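K.L.:
Supplied structure: protein-v9.csv, CSV, C-alpha atoms.
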chain,number,residue,atom,x,y,z
T,1,MET,CA,-33.7,-34.0,28.4
T,2,SER,CA,-34.1,-30.6,26.6
T,3,ASN,CA,-32.2,-29.9,23.4
T,4,PRO,CA,-28.9,-28.0,23.4
T,5,LYS,CA,-29.2,-24.3,22.8
T,6,TYR,CA,-26.3,-24.3,20.3
T,7,LYS,CA,-25.5,-26.7,17.5
T,8,ARG,CA,-22.1,-25.5,16.5
T,9,VAL,CA,-19.7,-23.8,19.0
T,10,VAL,CA,-16.1,-22.7,19.3
T,11,LEU,CA,-14.5,-23.5,22.6
T,12,LYS,CA,-11.7,-21.1,23.5
T,13,LEU,CA,-9.2,-22.5,26.1
T,14,SER,CA,-6.3,-20.6,27.4
T,15,GLY,CA,-3.0,-22.4,27.7
T,16,GLU,CA,-3.0,-21.7,31.4
T,17,ALA,CA,-6.2,-23.7,31.7
T,18,LEU,CA,-4.2,-26.9,30.8
T,19,ALA,CA,-1.5,-26.2,33.3
T,20,GLY,CA,-3.7,-26.3,36.4
T,21,ALA,CA,-2.3,-25.0,39.7
T,22,GLU,CA,1.3,-25.4,38.5
T,23,GLY,CA,0.8,-22.5,36.0
T,24,PHE,CA,3.2,-24.1,33.5
T,25,GLY,CA,3.3,-27.1,31.3
T,26,ILE,CA,0.4,-29.6,30.8
T,27,ASN,CA,-1.3,-31.2,33.8
T,28,PRO,CA,-2.5,-34.6,32.7
T,29,ALA,CA,-5.4,-34.6,35.2
T,30,VAL,CA,-6.6,-31.2,34.1
T,31,ILE,CA,-6.5,-31.9,30.4
T,32,LYS,CA,-8.3,-35.2,31.0
T,33,SER,CA,-11.0,-33.3,32.9
T,34,ILE,CA,-11.4,-30.8,30.1
T,35,ALA,CA,-11.6,-33.7,27.5
T,36,GLU,CA,-14.3,-35.3,29.6
T,37,GLN,CA,-16.3,-32.1,29.5
T,38,VAL,CA,-15.9,-31.7,25.7
T,39,LYS,CA,-17.0,-35.4,25.4
T,40,GLU,CA,-20.2,-34.5,27.3
T,41,VAL,CA,-21.0,-31.8,24.8
T,42,ALA,CA,-20.0,-33.8,21.7
T,43,GLU,CA,-22.3,-36.7,22.8
T,44,LEU,CA,-25.2,-34.2,22.6
T,45,ASP,CA,-24.6,-34.1,18.8
T,46,VAL,CA,-23.2,-30.5,19.2
T,47,GLU,CA,-20.5,-29.7,16.7
T,48,VAL,CA,-17.4,-28.6,18.7
T,49,ALA,CA,-14.4,-26.7,17.4
T,50,VAL,CA,-11.6,-25.8,19.9
T,51,VAL,CA,-9.0,-23.1,19.9
T,52,VAL,CA,-6.2,-23.5,22.5
T,53,GLY,CA,-3.7,-20.9,23.6
T,54,GLY,CA,-0.1,-21.6,24.3
T,55,GLY,CA,0.6,-19.4,27.4
T,56,ASN,CA,1.4,-22.4,29.6
T,57,ILE,CA,4.5,-23.1,27.4
T,58,TRP,CA,5.5,-19.8,25.8
T,59,ARG,CA,4.1,-16.3,25.4
T,60,GLY,CA,5.3,-14.3,22.4
T,61,LYS,CA,4.8,-11.0,24.2
T,62,ILE,CA,7.2,-12.0,26.9
T,63,GLY,CA,9.8,-13.1,24.4
T,64,SER,CA,9.4,-9.7,22.6
T,65,GLU,CA,9.9,-7.9,26.0
T,66,MET,CA,13.1,-9.8,26.4
T,67,GLY,CA,14.5,-8.4,23.2
T,68,MET,CA,13.5,-11.2,20.8
T,69,ASP,CA,12.2,-10.4,17.4
T,70,ARG,CA,8.4,-10.2,17.8
T,71,ALA,CA,7.6,-12.3,14.8
T,72,ASN,CA,9.9,-15.1,15.9
T,73,ALA,CA,8.5,-14.9,19.5
T,74,ASP,CA,5.0,-15.2,18.1
T,75,TYR,CA,5.9,-18.1,15.9
T,76,MET,CA,7.2,-19.9,19.0
T,77,GLY,CA,3.9,-19.3,20.7
T,78,MET,CA,2.1,-20.8,17.7
T,79,LEU,CA,4.2,-24.0,18.1
T,80,ALA,CA,3.2,-24.1,21.8
T,81,THR,CA,-0.5,-24.1,20.8
T,82,VAL,CA,0.2,-27.1,18.5
T,83,MET,CA,1.7,-29.0,21.4
T,84,ASN,CA,-1.4,-28.3,23.5
T,85,SER,CA,-3.7,-29.2,20.7
T,86,LEU,CA,-2.0,-32.6,20.2
T,87,ALA,CA,-2.2,-33.3,23.9
T,88,LEU,CA,-5.9,-32.4,24.0
T,89,GLN,CA,-6.5,-34.6,20.8
T,90,ASP,CA,-4.8,-37.5,22.5
T,91,SER,CA,-7.0,-37.1,25.6
T,92,LEU,CA,-10.2,-36.9,23.6
T,93,GLU,CA,-9.3,-39.9,21.5
T,94,GLN,CA,-8.6,-42.0,24.6
T,95,LEU,CA,-12.2,-41.2,25.6
T,96,GLY,CA,-13.4,-42.4,22.2
T,97,ILE,CA,-14.1,-39.0,20.6
T,98,GLU,CA,-12.8,-38.8,17.0
T,99,THR,CA,-10.7,-35.6,16.7
T,100,ARG,CA,-8.8,-33.7,14.1
T,101,VAL,CA,-6.1,-31.1,14.6
T,102,GLN,CA,-5.8,-28.5,11.8
T,103,THR,CA,-2.8,-26.1,11.8
T,104,SER,CA,-2.5,-22.7,10.2
T,105,ILE,CA,1.2,-23.4,9.6
T,106,GLU,CA,1.6,-26.6,7.6
T,107,MET,CA,3.1,-29.6,9.4
T,108,ARG,CA,1.6,-32.5,7.6
T,109,GLN,CA,3.4,-35.2,9.5
T,110,ILE,CA,1.4,-34.4,12.7
T,111,ALA,CA,-1.8,-32.5,11.6
T,112,GLU,CA,-3.9,-31.4,8.7
T,113,PRO,CA,-3.4,-27.9,7.2
T,114,TYR,CA,-6.4,-25.6,8.0
T,115,ILE,CA,-8.9,-25.8,5.2
T,116,ARG,CA,-12.3,-24.2,6.0
T,117,ARG,CA,-14.4,-26.6,4.0
T,118,ARG,CA,-12.7,-29.7,5.4
T,119,ALA,CA,-13.1,-28.3,8.9
T,120,ILE,CA,-16.8,-27.9,8.4
T,121,ARG,CA,-17.1,-31.4,6.9
T,122,HIS,CA,-15.3,-32.9,10.0
T,123,LEU,CA,-17.8,-31.0,12.2
T,124,GLU,CA,-20.8,-32.3,10.2
T,125,LYS,CA,-19.4,-35.8,10.8
T,126,LYS,CA,-19.4,-35.0,14.6
T,127,ARG,CA,-15.6,-34.9,14.9
T,128,VAL,CA,-14.1,-32.5,17.3
T,129,VAL,CA,-11.8,-30.1,15.4
T,130,ILE,CA,-8.9,-28.4,17.1
T,131,PHE,CA,-7.5,-25.3,15.4
T,132,ALA,CA,-3.8,-24.9,16.2
T,133,ALA,CA,-1.0,-22.5,15.4
T,134,GLY,CA,-3.2,-19.4,15.7
T,135,THR,CA,-4.0,-17.5,12.5
T,136,GLY,CA,-0.5,-18.5,11.1
T,137,ASN,CA,0.5,-14.8,11.4
T,138,PRO,CA,2.5,-13.0,14.1
T,139,TYR,CA,0.9,-10.1,16.1
T,140,PHE,CA,-2.5,-11.9,16.3
T,141,SER,CA,-3.6,-13.6,19.5
T,142,THR,CA,-5.5,-16.9,19.9
T,143,ASP,CA,-8.5,-14.8,20.9
T,144,THR,CA,-8.5,-13.4,17.4
T,145,THR,CA,-8.1,-16.9,16.1
T,146,ALA,CA,-11.2,-18.0,17.9
T,147,ALA,CA,-13.1,-15.0,16.5
T,148,LEU,CA,-11.9,-15.6,13.0
T,149,ARG,CA,-12.5,-19.4,13.0
T,150,ALA,CA,-16.0,-18.9,14.5
T,151,ALA,CA,-16.9,-16.5,11.7
T,152,GLU,CA,-15.5,-18.8,9.1
T,153,ILE,CA,-17.3,-21.9,10.2
T,154,GLU,CA,-20.4,-20.0,11.1
T,155,ALA,CA,-20.4,-21.0,14.8
T,156,GLU,CA,-23.3,-19.8,16.9
T,157,VAL,CA,-21.2,-18.8,19.9
T,158,ILE,CA,-17.7,-18.7,21.3
T,159,LEU,CA,-17.4,-20.3,24.7
T,160,MET,CA,-14.5,-18.7,26.5
T,161,ALA,CA,-13.6,-21.1,29.4
T,162,LYS,CA,-11.6,-19.5,32.1
T,163,ASN,CA,-9.6,-21.2,34.9
T,164,ASN,CA,-9.3,-18.3,37.3
T,165,VAL,CA,-12.5,-16.3,37.0
T,166,ASP,CA,-16.2,-17.1,36.5
T,167,GLY,CA,-17.1,-14.2,34.2
T,168,VAL,CA,-16.2,-10.6,33.4
T,169,TYR,CA,-15.7,-8.1,36.2
T,170,ASN,CA,-15.1,-4.4,36.3
T,171,ALA,CA,-11.8,-5.0,38.2
T,172,ASP,CA,-9.6,-8.0,39.0
T,173,PRO,CA,-11.6,-9.9,41.6
T,174,ALA,CA,-8.4,-11.5,43.0
T,175,LYS,CA,-7.1,-8.0,43.8
T,176,ASP,CA,-10.3,-6.0,44.5
T,177,LYS,CA,-12.9,-7.5,46.8
T,178,ASN,CA,-15.4,-4.9,45.6
T,179,ALA,CA,-15.1,-6.0,41.9
T,180,VAL,CA,-18.5,-6.3,40.3
T,181,LYS,CA,-19.4,-9.2,38.0
T,182,TYR,CA,-21.3,-8.4,34.8
T,183,ASP,CA,-24.2,-10.7,33.6
T,184,GLN,CA,-24.4,-9.1,30.2
T,185,LEU,CA,-22.2,-6.8,28.1
T,186,THR,CA,-21.9,-5.5,24.6
T,187,TYR,CA,-18.7,-5.5,22.6
T,188,LEU,CA,-18.8,-1.7,22.6
T,189,ASP,CA,-18.9,-1.9,26.5
T,190,VAL,CA,-15.8,-4.1,26.4
T,191,LEU,CA,-13.9,-1.8,24.0
T,192,ASN,CA,-15.0,1.5,25.6
T,193,GLU,CA,-14.3,0.3,29.2
T,194,GLY,CA,-11.1,-1.5,28.4
T,195,LEU,CA,-12.3,-4.8,29.9
T,196,GLU,CA,-9.8,-7.6,29.6
T,197,VAL,CA,-12.1,-10.1,28.0
T,198,MET,CA,-10.5,-10.4,24.5
T,199,ASP,CA,-8.1,-8.2,22.8
T,200,SER,CA,-9.6,-5.4,20.7
T,201,THR,CA,-9.0,-7.1,17.4
T,202,ALA,CA,-10.9,-10.2,18.5
T,203,SER,CA,-13.7,-8.1,20.1
T,204,SER,CA,-14.1,-6.0,16.9
T,205,LEU,CA,-14.3,-9.1,14.8
T,206,CYS,CA,-16.9,-10.7,17.0
T,207,MET,CA,-18.9,-7.4,17.0
T,208,ASP,CA,-18.8,-7.0,13.3
T,209,ASN,CA,-19.9,-10.6,12.7
T,210,ASN,CA,-22.5,-10.6,15.5
T,211,ILE,CA,-20.9,-13.6,17.3
T,212,PRO,CA,-21.9,-13.9,21.0
T,213,LEU,CA,-19.3,-14.7,23.6
T,214,MET,CA,-19.9,-16.7,26.8
T,215,VAL,CA,-17.3,-16.2,29.5
T,216,PHE,CA,-17.4,-18.8,32.3
T,217,SER,CA,-15.3,-20.9,34.6
T,218,ILE,CA,-14.1,-24.3,33.5
T,219,MET,CA,-13.0,-25.3,37.0
T,220,GLU,CA,-16.4,-26.8,37.9
T,221,LYS,CA,-17.1,-30.0,36.0
T,222,GLY,CA,-20.0,-29.9,33.6
T,223,ASN,CA,-20.0,-26.2,33.0
T,224,ILE,CA,-19.4,-26.5,29.3
T,225,LYS,CA,-22.4,-28.7,29.0
T,226,ARG,CA,-24.5,-26.3,31.1
T,227,VAL,CA,-23.6,-23.4,28.9
T,228,VAL,CA,-24.4,-25.3,25.7
T,229,MET,CA,-27.8,-26.3,27.2
T,230,GLY,CA,-28.6,-22.7,27.8
T,231,GLU,CA,-27.9,-22.1,31.4
T,232,SER,CA,-26.9,-18.5,32.4
T,233,LEU,CA,-23.3,-19.0,33.7
T,234,GLY,CA,-20.7,-16.3,33.8
T,235,THR,CA,-21.1,-13.3,31.4
T,236,ILE,CA,-22.5,-13.1,27.9
T,237,VAL,CA,-21.1,-10.5,25.5
T,238,ARG,CA,-23.3,-9.6,22.5
T,239,GLY,CA,-22.8,-7.5,19.4
T,240,LYS,CA,-25.6,-5.1,20.3
Could you rewrite the structure in this file as structure tokens?
P.N.:
Amino acid sequence: MSNPKYKRVVLKLSGEALAGAEGFGINPAVIKSIAEQVKEVAELDVEVAVVVGGGNIWRGKIGSEMGMDRANADYMGMLATVMNSLALQDSLEQLGIETRVQTSIEMRQIAEPYIRRRAIRHLEKKRVVIFAAGTGNPYFSTDTTAALRAAEIEAEVILMAKNNVDGVYNADPAKDKNAVKYDQLTYLDVLNEGLEVMDSTASSLCMDNNIPLMVFSIMEKGNIKRVVMGESLGTIVRGK
């Protein structure tokens, strides 16, 4: 078998990806399927870090629109990401994959605080590391968390696994049957055309640090491994 294309990756999962068809909460069958795909990659000796969103439980933006203080609403969203991270950790460890959760907000009874050097050491020991609680600051998305952590741990690529699309389109393919899928883009394209791949903060951070982004569907089993092995799935976004 050929060697993996990447040796250290950040896998970005939306909270909705854990909810499955229900759209809310954590679907045990879905999270088990994702854990099995992560195991496939980890067994290739690829160092895997994961950033999970919290939209299946709570979205800070929605809370803010309801009149809630934006900072409080965002902190609630960070706690939602911790719940998802612990669920994913449990699924991975049931499959025999040693896993560590690191949180940007200290909660030592359930997870380690985020320490860059410790995270890298875990990865070198082939442990899956899950980064939870976002950046620890309100007003920043988990997309930005993925970009920041990828830069900090010197990941070679961010794998953005989607549960409702198989790449980046010029329009919503669920609403526009003429939507065109892109095979390649630059971050400038994303910013200039207002494509909803990542928020502008995350896109700028990836562009400035020359971190490529692979956007693909997680709904087909084995896709994470295929991307890591170098197959051209979905859309790749590059710095230049």
K.L.:
Would you mind listing, for every residue of range 176-220 of chain T within 7 Å of range 142-149 of chain T, the two atoms forming the shortest contact and the distance between them in Å to one decimal, using all atoms listed in the file, sorted by chain and ascending residue number, as JSON lines?
P.N.:
{"residue": "T:Met198", "atom": "CA", "partner": "T:Asp143", "partner_atom": "CA", "distance": 6.0}
{"residue": "T:Asp199", "atom": "CA", "partner": "T:Asp143", "partner_atom": "CA", "distance": 6.9}
{"residue": "T:Thr201", "atom": "CA", "partner": "T:Thr144", "partner_atom": "CA", "distance": 6.3}
{"residue": "T:Ala202", "atom": "CA", "partner": "T:Thr144", "partner_atom": "CA", "distance": 4.1}
{"residue": "T:Leu205", "atom": "CA", "partner": "T:Ala147", "partner_atom": "CA", "distance": 6.3}
{"residue": "T:Cys206", "atom": "CA", "partner": "T:Ala147", "partner_atom": "CA", "distance": 5.8}
K.L.:
Counting all atoms listed in the file, figure out which residue out of T:Ile57, T:Val51, T:Met107, T:Leu92 gets nearest to Ile31 in chain T.
P.N.:
T:Leu92
K.L.:
Hey, which of T:Asp208, T:Glu36, T:Glu156, T:Asp183 ends up closest to Pro4 in chain T? Count only C-alpha atoms.
P.N.:
T:Glu156
K.L.:
For Phe131 in chain T, which of T:Gln184, T:Ser200, T:Asn164, T:Thr103 is the closest residue, counting only C-alpha atoms?
P.N.:
T:Thr103
K.L.:
May I ask which of the residues T:Lys61, T:Lys221, T:Arg226, T:Lys162 is the closest one to Leu18 in chain T, counting only C-alpha atoms?
P.N.:
T:Lys162
K.L.:
Give me the residues within 9 Å of Arg116 in chain T as a VMD selection string, counting all atoms listed in the file and dropping any in the same chain fewer than 5 places off.
P.N.:
chain T and resid 121 149 152 to 153
K.L.:
Rounded to one decimal place, report the CA of Gln102 in chain T-CA of Gly15 in chain T distance in Å.
P.N.:
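That distance, rounded to one decimal, is 17.3 Å.
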K.L.:
Which protein, DNA or RNA residues have an atom at most 9 Å from (0.4, -28.9, 18.9), counting only C-alpha atoms? List them as a JSON list (two decimals) with C-alpha atoms, keeping the file's coordinate frame.
P.N.:
[["chain", "number", "residue", "atom", "x", "y", "z"],
["T", 78, "MET", "CA", 2.10, -20.80, 17.70],
["T", 79, "LEU", "CA", 4.20, -24.00, 18.10],
["T", 80, "ALA", "CA", 3.20, -24.10, 21.80],
["T", 81, "THR", "CA", -0.50, -24.10, 20.80],
["T", 82, "VAL", "CA", 0.20, -27.10, 18.50],
["T", 83, "MET", "CA", 1.70, -29.00, 21.40],
["T", 84, "ASN", "CA", -1.40, -28.30, 23.50],
["T", 85, "SER", "CA", -3.70, -29.20, 20.70],
["T", 86, "LEU", "CA", -2.00, -32.60, 20.20],
["T", 87, "ALA", "CA", -2.20, -33.30, 23.90],
["T", 88, "LEU", "CA", -5.90, -32.40, 24.00],
["T", 101, "VAL", "CA", -6.10, -31.10, 14.60],
["T", 103, "THR", "CA", -2.80, -26.10, 11.80],
["T", 110, "ILE", "CA", 1.40, -34.40, 12.70],
["T", 111, "ALA", "CA", -1.80, -32.50, 11.60],
["T", 132, "ALA", "CA", -3.80, -24.90, 16.20],
["T", 133, "ALA", "CA", -1.00, -22.50, 15.40]]
K.L.:
Between T:Ala21, T:Ala42, T:Ile115, T:Ala151, which is the closest to Lys225 in chain T once you count all atoms listed in the file?
P.N.:
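Of all the options, T:Ala42 lies closest to Lys225 in chain T.
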K.L.:
Using all atoms listed in the file, pick whichever of T:Ser14, T:Thr99, T:Asn223, T:Asn27 has the shortest atom-to-atom distance to Gly54 in chain T.
P.N.:
T:Ser14
K.L.:
Can you list, as a PyMOL selection string, every protein, DNA or RNA residue that comes within 12 Å of Ile224 in chain T when you count all atoms listed in the file, leaving out same-chain residues fewer than 6 positions away?
P.N.:
chain T and resi 4-6+9-13+33-42+44+46+48+158-162+214-218+230-234
K.L.:
For range 103-132 of chain T, supply N, CA and C atoms and report the output as a PDB file, keeping the file's coordinate frame.
P.N.:
ATOM      1  N   THR T 103      -3.795 -27.141  11.527  1.00  0.00           N
ATOM      2  CA  THR T 103      -2.800 -26.100  11.800  1.00  0.00           C
ATOM      3  C   THR T 103      -2.806 -25.016  10.754  1.00  0.00           C
ATOM      4  N   SER T 104      -2.635 -23.773  11.170  1.00  0.00           N
ATOM      5  CA  SER T 104      -2.500 -22.700  10.200  1.00  0.00           C
ATOM      6  C   SER T 104      -1.166 -22.644   9.536  1.00  0.00           C
ATOM      7  N   ILE T 105      -0.169 -23.257  10.174  1.00  0.00           N
ATOM      8  CA  ILE T 105       1.200 -23.400   9.600  1.00  0.00           C
ATOM      9  C   ILE T 105       1.267 -24.910   9.216  1.00  0.00           C
ATOM     10  N   GLU T 106       1.597 -25.210   7.980  1.00  0.00           N
ATOM     11  CA  GLU T 106       1.600 -26.600   7.600  1.00  0.00           C
ATOM     12  C   GLU T 106       2.660 -27.427   8.285  1.00  0.00           C
ATOM     13  N   MET T 107       2.244 -28.552   8.827  1.00  0.00           N
ATOM     14  CA  MET T 107       3.100 -29.600   9.400  1.00  0.00           C
ATOM     15  C   MET T 107       2.423 -30.905   9.248  1.00  0.00           C
ATOM     16  N   ARG T 108       2.409 -31.356   8.010  1.00  0.00           N
ATOM     17  CA  ARG T 108       1.600 -32.500   7.600  1.00  0.00           C
ATOM     18  C   ARG T 108       1.845 -33.779   8.296  1.00  0.00           C
ATOM     19  N   GLN T 109       3.048 -33.927   8.826  1.00  0.00           N
ATOM     20  CA  GLN T 109       3.400 -35.200   9.500  1.00  0.00           C
ATOM     21  C   GLN T 109       2.546 -35.371  10.787  1.00  0.00           C
ATOM     22  N   ILE T 110       2.066 -34.266  11.372  1.00  0.00           N
ATOM     23  CA  ILE T 110       1.400 -34.400  12.700  1.00  0.00           C
ATOM     24  C   ILE T 110      -0.049 -33.871  12.647  1.00  0.00           C
ATOM     25  N   ALA T 111      -0.427 -33.094  11.633  1.00  0.00           N
ATOM     26  CA  ALA T 111      -1.800 -32.500  11.600  1.00  0.00           C
ATOM     27  C   ALA T 111      -2.149 -32.087  10.208  1.00  0.00           C
ATOM     28  N   GLU T 112      -3.444 -31.894   9.997  1.00  0.00           N
ATOM     29  CA  GLU T 112      -3.900 -31.400   8.700  1.00  0.00           C
ATOM     30  C   GLU T 112      -3.661 -29.900   8.602  1.00  0.00           C
ATOM     31  N   PRO T 113      -3.431 -29.403   7.391  1.00  0.00           N
ATOM     32  CA  PRO T 113      -3.400 -27.900   7.200  1.00  0.00           C
ATOM     33  C   PRO T 113      -4.875 -27.430   7.374  1.00  0.00           C
ATOM     34  N   TYR T 114      -5.024 -26.205   7.844  1.00  0.00           N
ATOM     35  CA  TYR T 114      -6.400 -25.600   8.000  1.00  0.00           C
ATOM     36  C   TYR T 114      -6.989 -25.398   6.630  1.00  0.00           C
ATOM     37  N   ILE T 115      -8.110 -26.046   6.400  1.00  0.00           N
ATOM     38  CA  ILE T 115      -8.900 -25.800   5.200  1.00  0.00           C
ATOM     39  C   ILE T 115     -10.360 -25.688   5.676  1.00  0.00           C
ATOM     40  N   ARG T 116     -10.948 -24.535   5.421  1.00  0.00           N
ATOM     41  CA  ARG T 116     -12.300 -24.200   6.000  1.00  0.00           C
ATOM     42  C   ARG T 116     -13.299 -25.299   5.629  1.00  0.00           C
ATOM     43  N   ARG T 117     -13.419 -25.667   4.365  1.00  0.00           N
ATOM     44  CA  ARG T 117     -14.400 -26.600   4.000  1.00  0.00           C
ATOM     45  C   ARG T 117     -14.207 -28.002   4.614  1.00  0.00           C
ATOM     46  N   ARG T 118     -12.948 -28.381   4.737  1.00  0.00           N
ATOM     47  CA  ARG T 118     -12.700 -29.700   5.400  1.00  0.00           C
ATOM     48  C   ARG T 118     -13.010 -29.617   6.856  1.00  0.00           C
ATOM     49  N   ALA T 119     -12.725 -28.490   7.504  1.00  0.00           N
ATOM     50  CA  ALA T 119     -13.100 -28.300   8.900  1.00  0.00           C
ATOM     51  C   ALA T 119     -14.582 -28.473   9.122  1.00  0.00           C
ATOM     52  N   ILE T 120     -15.343 -27.806   8.263  1.00  0.00           N
ATOM     53  CA  ILE T 120     -16.800 -27.900   8.400  1.00  0.00           C
ATOM     54  C   ILE T 120     -17.289 -29.309   8.138  1.00  0.00           C
ATOM     55  N   ARG T 121     -16.672 -29.998   7.189  1.00  0.00           N
ATOM     56  CA  ARG T 121     -17.100 -31.400   6.900  1.00  0.00           C
ATOM     57  C   ARG T 121     -16.789 -32.281   8.125  1.00  0.00           C
ATOM     58  N   HIS T 122     -15.647 -32.094   8.761  1.00  0.00           N
ATOM     59  CA  HIS T 122     -15.300 -32.900  10.000  1.00  0.00           C
ATOM     60  C   HIS T 122     -16.414 -32.602  11.046  1.00  0.00           C
ATOM     61  N   LEU T 123     -16.788 -31.342  11.216  1.00  0.00           N
ATOM     62  CA  LEU T 123     -17.800 -31.000  12.200  1.00  0.00           C
ATOM     63  C   LEU T 123     -19.135 -31.654  11.884  1.00  0.00           C
ATOM     64  N   GLU T 124     -19.495 -31.654  10.615  1.00  0.00           N
ATOM     65  CA  GLU T 124     -20.800 -32.300  10.200  1.00  0.00           C
ATOM     66  C   GLU T 124     -20.742 -33.780  10.482  1.00  0.00           C
ATOM     67  N   LYS T 125     -19.534 -34.377  10.480  1.00  0.00           N
ATOM     68  CA  LYS T 125     -19.400 -35.800  10.800  1.00  0.00           C
ATOM     69  C   LYS T 125     -19.227 -36.028  12.309  1.00  0.00           C
ATOM     70  N   LYS T 126     -19.453 -34.958  13.075  1.00  0.00           N
ATOM     71  CA  LYS T 126     -19.400 -35.000  14.600  1.00  0.00           C
ATOM     72  C   LYS T 126     -18.021 -35.298  15.091  1.00  0.00           C
ATOM     73  N   ARG T 127     -17.005 -34.874  14.352  1.00  0.00           N
ATOM     74  CA  ARG T 127     -15.600 -34.900  14.900  1.00  0.00           C
ATOM     75  C   ARG T 127     -15.324 -33.610  15.554  1.00  0.00           C
ATOM     76  N   VAL T 128     -14.601 -33.673  16.657  1.00  0.00           N
ATOM     77  CA  VAL T 128     -14.100 -32.500  17.300  1.00  0.00           C
ATOM     78  C   VAL T 128     -12.919 -31.954  16.479  1.00  0.00           C
ATOM     79  N   VAL T 129     -12.917 -30.681  16.131  1.00  0.00           N
ATOM     80  CA  VAL T 129     -11.800 -30.100  15.400  1.00  0.00           C
ATOM     81  C   VAL T 129     -11.084 -29.100  16.248  1.00  0.00           C
ATOM     82  N   ILE T 130      -9.768 -29.263  16.335  1.00  0.00           N
ATOM     83  CA  ILE T 130      -8.900 -28.400  17.100  1.00  0.00           C
ATOM     84  C   ILE T 130      -8.110 -27.514  16.183  1.00  0.00           C
ATOM     85  N   PHE T 131      -8.279 -26.211  16.278  1.00  0.00           N
ATOM     86  CA  PHE T 131      -7.500 -25.300  15.400  1.00  0.00           C
ATOM     87  C   PHE T 131      -6.279 -24.844  16.157  1.00  0.00           C
ATOM     88  N   ALA T 132      -5.127 -25.157  15.571  1.00  0.00           N
ATOM     89  CA  ALA T 132      -3.800 -24.900  16.200  1.00  0.00           C
ATOM     90  C   ALA T 132      -3.016 -23.897  15.390  1.00  0.00           C
TER      91      ALA T 132
END
